[in-house]
Structures are given as structure tokens and as C-alpha cells.
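*Asks:* This is the structure I want to talk about, given as C-alpha cells.
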Amino acid sequence: MTLKFNPLFTLLTFTLLIIEIAIAYFLKDGFIRFTVGDFLASILVYCAIKSIFKMKAIQIAITALIISFTIEFAQLINLLDFLNLRTNKLASIVLGSHFSIEDLIAYALGIITIYFIDITYISNENH
């Protein structure tokens, strides 16, 4: 793993971040807020890692999935309450507030999607 700025994935990261903020700000419930938001969140993590590190796509995919799952399992153990951040709006958005198996599925599907897009159309890695 080496540091290497990737302008395409940096642009994707910021674009996804803006979309995620818009979803969180404008949508309070529904499929897009919860499921699509989680799907995109894992893609955001993948793109953020790829924007600054030169690693194989599979390594980034696994790392991004571990990060996404870790955040979800932090919700299961009520990390926000433990850190006394339940009322902090930013912490609630970043860390989430409720554990859900469906979120884990959305994260996995997001990672699978961006991984195959990356190796097929962007990075041309042969796996």
C-alpha cells in the first residue's frame, strides 16, 4: 500500500459525499434514505480509500467493507450512547443510530458493485 492521489476517485468521493449529505438532509425516511444511502455510503468509503492509496481493488473492497460493517456493528453496541454523542447530529449521521441486517446487505451490494465497475471499466485490473 502506497500513497498515490487519484483524481478520478477523489472526484467520485466528493460527488458521493454531496449526494449522501443531500439524502441525509432532504429525506427523513424511505427506501432512498435508508437503503440507497447505505449502498452509496459503502461506495463512498471505497472511493475515498482509492483516492489516496494505491492498492489492489480487492484489498480496497475488503477494507471498505470492513469499515462499513464496523460502523454498523458499532450501532449494535450503541456506540453513540457509550460516547455520549446520541444528540450530536453529525455523529448520528456518520455513525448511524440503528443496527440493521438490511444495511449490511446494502453495504455488501455497494462494495460488490463498485468493485466490479472499478476492475471492469476504470482500473482494468485482471482478476
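Chain labels run A, B, ... following the order of the C-alpha cells; each chain numbers its residues from 1, and ligands are numbered from 1 in the order shown.
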Set the distance at 12 Å and use only C-alpha atoms: which residues neighbour A:Ala91 once local chain neighbours fewer than 3 positions away are removed? I'd like the list as a list of chain:residue names.
*Replies:*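 Answer for this query is A:Ile71, A:Gln75, A:Leu79, A:Leu80, A:Asp81, A:Leu83, A:Asn84, A:Leu85, A:Arg86, A:Thr87, A:Asn88, A:Val94, A:Leu95, A:Gly96, A:Ser97.
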*Asks:* Go ahead and write the residues just picked, all heavy atoms, as a CSV table (one decimal), in the first residue's frame.
*Replies:*
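The result, stored in selection26.csv:
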```
chain,number,residue,atom,x,y,z
A,71,ILE,N,-18.8,0.1,11.4
A,71,ILE,CA,-19.7,1.2,11.7
A,71,ILE,C,-21.1,0.7,12.1
A,71,ILE,O,-21.7,1.1,13.0
A,71,ILE,CB,-19.8,2.3,10.6
A,71,ILE,CG1,-18.4,3.0,10.5
A,71,ILE,CG2,-20.9,3.2,10.8
A,71,ILE,CD1,-18.3,3.9,9.3
A,75,GLN,N,-23.3,0.4,15.9
A,75,GLN,CA,-24.7,0.7,16.2
A,75,GLN,C,-25.3,-0.3,17.0
A,75,GLN,O,-26.1,0.0,17.9
A,75,GLN,CB,-25.5,0.9,14.9
A,75,GLN,CG,-25.0,2.1,14.0
A,75,GLN,CD,-25.6,2.1,12.7
A,75,GLN,OE1,-26.7,1.6,12.4
A,75,GLN,NE2,-24.9,2.7,11.7
A,79,LEU,N,-22.7,2.5,20.3
A,79,LEU,CA,-21.5,3.3,20.5
A,79,LEU,C,-21.8,4.8,20.7
A,79,LEU,O,-21.2,5.5,21.5
A,79,LEU,CB,-20.6,3.2,19.3
A,79,LEU,CG,-19.3,3.9,19.4
A,79,LEU,CD1,-18.4,3.4,20.5
A,79,LEU,CD2,-18.5,3.8,18.1
A,80,LEU,N,-22.9,5.3,20.1
A,80,LEU,CA,-23.2,6.8,20.3
A,80,LEU,C,-23.6,7.0,21.7
A,80,LEU,O,-23.2,8.1,22.3
A,80,LEU,CB,-24.4,7.2,19.4
A,80,LEU,CG,-24.1,7.3,17.9
A,80,LEU,CD1,-25.4,7.6,17.1
A,80,LEU,CD2,-23.1,8.4,17.7
A,81,ASP,N,-24.3,6.1,22.4
A,81,ASP,CA,-24.6,6.3,23.8
A,81,ASP,C,-23.4,6.2,24.7
A,81,ASP,O,-23.2,7.0,25.6
A,81,ASP,CB,-25.7,5.3,24.2
A,81,ASP,CG,-27.0,5.5,23.6
A,81,ASP,OD1,-27.3,6.7,23.2
A,81,ASP,OD2,-27.8,4.5,23.4
A,83,LEU,N,-20.4,6.9,23.9
A,83,LEU,CA,-19.5,8.1,23.7
A,83,LEU,C,-20.3,9.4,24.1
A,83,LEU,O,-19.8,10.5,23.9
A,83,LEU,CB,-19.0,8.2,22.3
A,83,LEU,CG,-18.1,7.0,21.8
A,83,LEU,CD1,-17.8,7.2,20.3
A,83,LEU,CD2,-16.9,7.0,22.6
A,84,ASN,N,-21.6,9.2,24.5
A,84,ASN,CA,-22.4,10.3,24.9
A,84,ASN,C,-22.6,11.3,23.7
A,84,ASN,O,-22.5,12.5,23.8
A,84,ASN,CB,-21.9,11.1,26.1
A,84,ASN,CG,-22.9,11.9,26.7
A,84,ASN,OD1,-24.1,11.7,26.6
A,84,ASN,ND2,-22.5,13.0,27.4
A,85,LEU,N,-22.8,10.7,22.5
A,85,LEU,CA,-23.0,11.5,21.3
A,85,LEU,C,-24.3,11.3,20.6
A,85,LEU,O,-24.5,11.7,19.5
A,85,LEU,CB,-21.9,11.1,20.3
A,85,LEU,CG,-20.4,11.5,20.6
A,85,LEU,CD1,-19.5,10.9,19.6
A,85,LEU,CD2,-20.3,13.0,20.7
A,86,ARG,N,-25.3,10.7,21.3
A,86,ARG,CA,-26.6,10.4,20.7
A,86,ARG,C,-27.3,11.7,20.2
A,86,ARG,O,-27.9,11.6,19.2
A,86,ARG,CB,-27.5,9.7,21.8
A,86,ARG,CG,-28.9,9.4,21.3
A,86,ARG,CD,-29.0,8.4,20.3
A,86,ARG,NE,-28.5,7.1,20.7
A,86,ARG,CZ,-28.3,6.1,19.8
A,86,ARG,NH1,-28.6,6.2,18.5
A,86,ARG,NH2,-27.8,5.0,20.2
A,87,THR,N,-27.1,12.8,20.9
A,87,THR,CA,-27.8,14.0,20.5
A,87,THR,C,-26.9,14.8,19.4
A,87,THR,O,-27.4,15.8,18.9
A,87,THR,CB,-28.1,14.9,21.7
A,87,THR,OG1,-26.8,15.2,22.4
A,87,THR,CG2,-29.0,14.3,22.6
A,88,ASN,N,-25.7,14.4,19.1
A,88,ASN,CA,-24.9,15.1,18.2
A,88,ASN,C,-25.3,14.7,16.8
A,88,ASN,O,-25.2,13.5,16.4
A,88,ASN,CB,-23.4,14.7,18.4
A,88,ASN,CG,-22.5,15.4,17.5
A,88,ASN,OD1,-22.6,15.4,16.3
A,88,ASN,ND2,-21.5,16.2,18.1
A,94,VAL,N,-23.0,10.2,10.7
A,94,VAL,CA,-21.8,9.5,10.3
A,94,VAL,C,-21.8,8.0,10.8
A,94,VAL,O,-21.6,7.1,10.1
A,94,VAL,CB,-20.5,10.2,10.7
A,94,VAL,CG1,-19.3,9.3,10.5
A,94,VAL,CG2,-20.4,11.5,10.0
A,95,LEU,N,-22.2,7.9,12.1
A,95,LEU,CA,-22.1,6.6,12.7
A,95,LEU,C,-23.5,5.8,12.6
A,95,LEU,O,-23.5,4.6,12.8
A,95,LEU,CB,-21.7,6.7,14.2
A,95,LEU,CG,-20.3,7.1,14.4
A,95,LEU,CD1,-20.1,7.3,15.9
A,95,LEU,CD2,-19.3,6.2,13.8
A,96,GLY,N,-24.5,6.5,12.3
A,96,GLY,CA,-25.9,5.9,12.2
A,96,GLY,C,-26.4,5.7,13.6
A,96,GLY,O,-25.7,5.9,14.6
A,97,SER,N,-27.6,5.3,13.7
A,97,SER,CA,-28.2,5.1,15.0
A,97,SER,C,-28.9,3.8,15.3
A,97,SER,O,-29.1,3.5,16.4
A,97,SER,CB,-29.2,6.3,15.2
A,97,SER,OG,-30.2,6.2,14.2
```
*Asks:* Mind running stretch 68-116 of chain A against stretch 35-58 of chain A at 7 Å and telling me each contacting residue's nearest atom pair with the distance in Å (one decimal), counting only C-alpha atoms, chain and number ascending, as CSV?
*Replies:*
```
residue,atom,partner,partner_atom,distance
A:Ser68,CA,A:Ser42,CA,6.1
A:Asp103,CA,A:Asp38,CA,6.2
A:Ala106,CA,A:Phe39,CA,4.7
A:Tyr107,CA,A:Phe39,CA,5.1
A:Leu109,CA,A:Phe39,CA,6.7
A:Gly110,CA,A:Phe39,CA,4.6
A:Ile111,CA,A:Ile43,CA,5.9
A:Ile114,CA,A:Ile43,CA,6.1
A:Tyr115,CA,A:Ala57,CA,6.5
```
*Asks:* Got time to write the residues from that selection, C-alpha atoms, as a compact mmCIF listing (two decimals), in the first residue's frame?
*Replies:*
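What follows is the written file again-v6.txt:
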```txt
# COMPACT_ATOMS: atom_id res chain seq x y z
CA SER A 68 -18.76 -0.23 6.69
CA ASP A 103 -27.82 -2.22 6.00
CA ALA A 106 -26.76 -2.78 1.19
CA TYR A 107 -23.09 -2.23 2.13
CA LEU A 109 -24.01 -4.87 -2.60
CA GLY A 110 -22.45 -1.42 -2.84
CA ILE A 111 -18.94 -2.82 -2.49
CA ILE A 114 -18.08 -0.56 -7.22
CA TYR A 115 -15.50 -3.35 -7.21
```
*Asks:* Compile the contact shell of A:Leu76 as a list in words: residues with an atom at most 9 Å away, counting only C-alpha atoms, same-chain residues fewer than 6 positions apart removed.
*Replies:* Ser97, His98, Phe99 and Ser100 of chain A
*Asks:* What does the structure give for the distance between atom CA of A:Lys4 and atom CA of A:Ile119, in Å to one decimal?
*Replies:*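 Separation of atom CA of A:Lys4 and atom CA of A:Ile119: 17.7 Å.
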*Asks:* Select from stretch 1-126 of chain A everything DSSP, run on the backbone, classes as alpha helix (DSSP H), then give the selection as a PyMOL selection string.
*Replies:* chain A and resi 7-26+31+37-52+57-76+79-82+89-95+101-117
*Asks:* How many Å lie between atom CA of A:Phe34 and atom CA of A:Ile66, rounded to one decimal?
*Replies:*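 If I compute the distance from atom CA of A:Phe34 to atom CA of A:Ile66, I get 19.3 Å.
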*Asks:* For a test of reading the model, state the distance in Å between atom CA of A:Leu65 and atom CA of A:Ala108, rounded to one decimal.
*Replies:*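 A separation of 6.7 Å between them.
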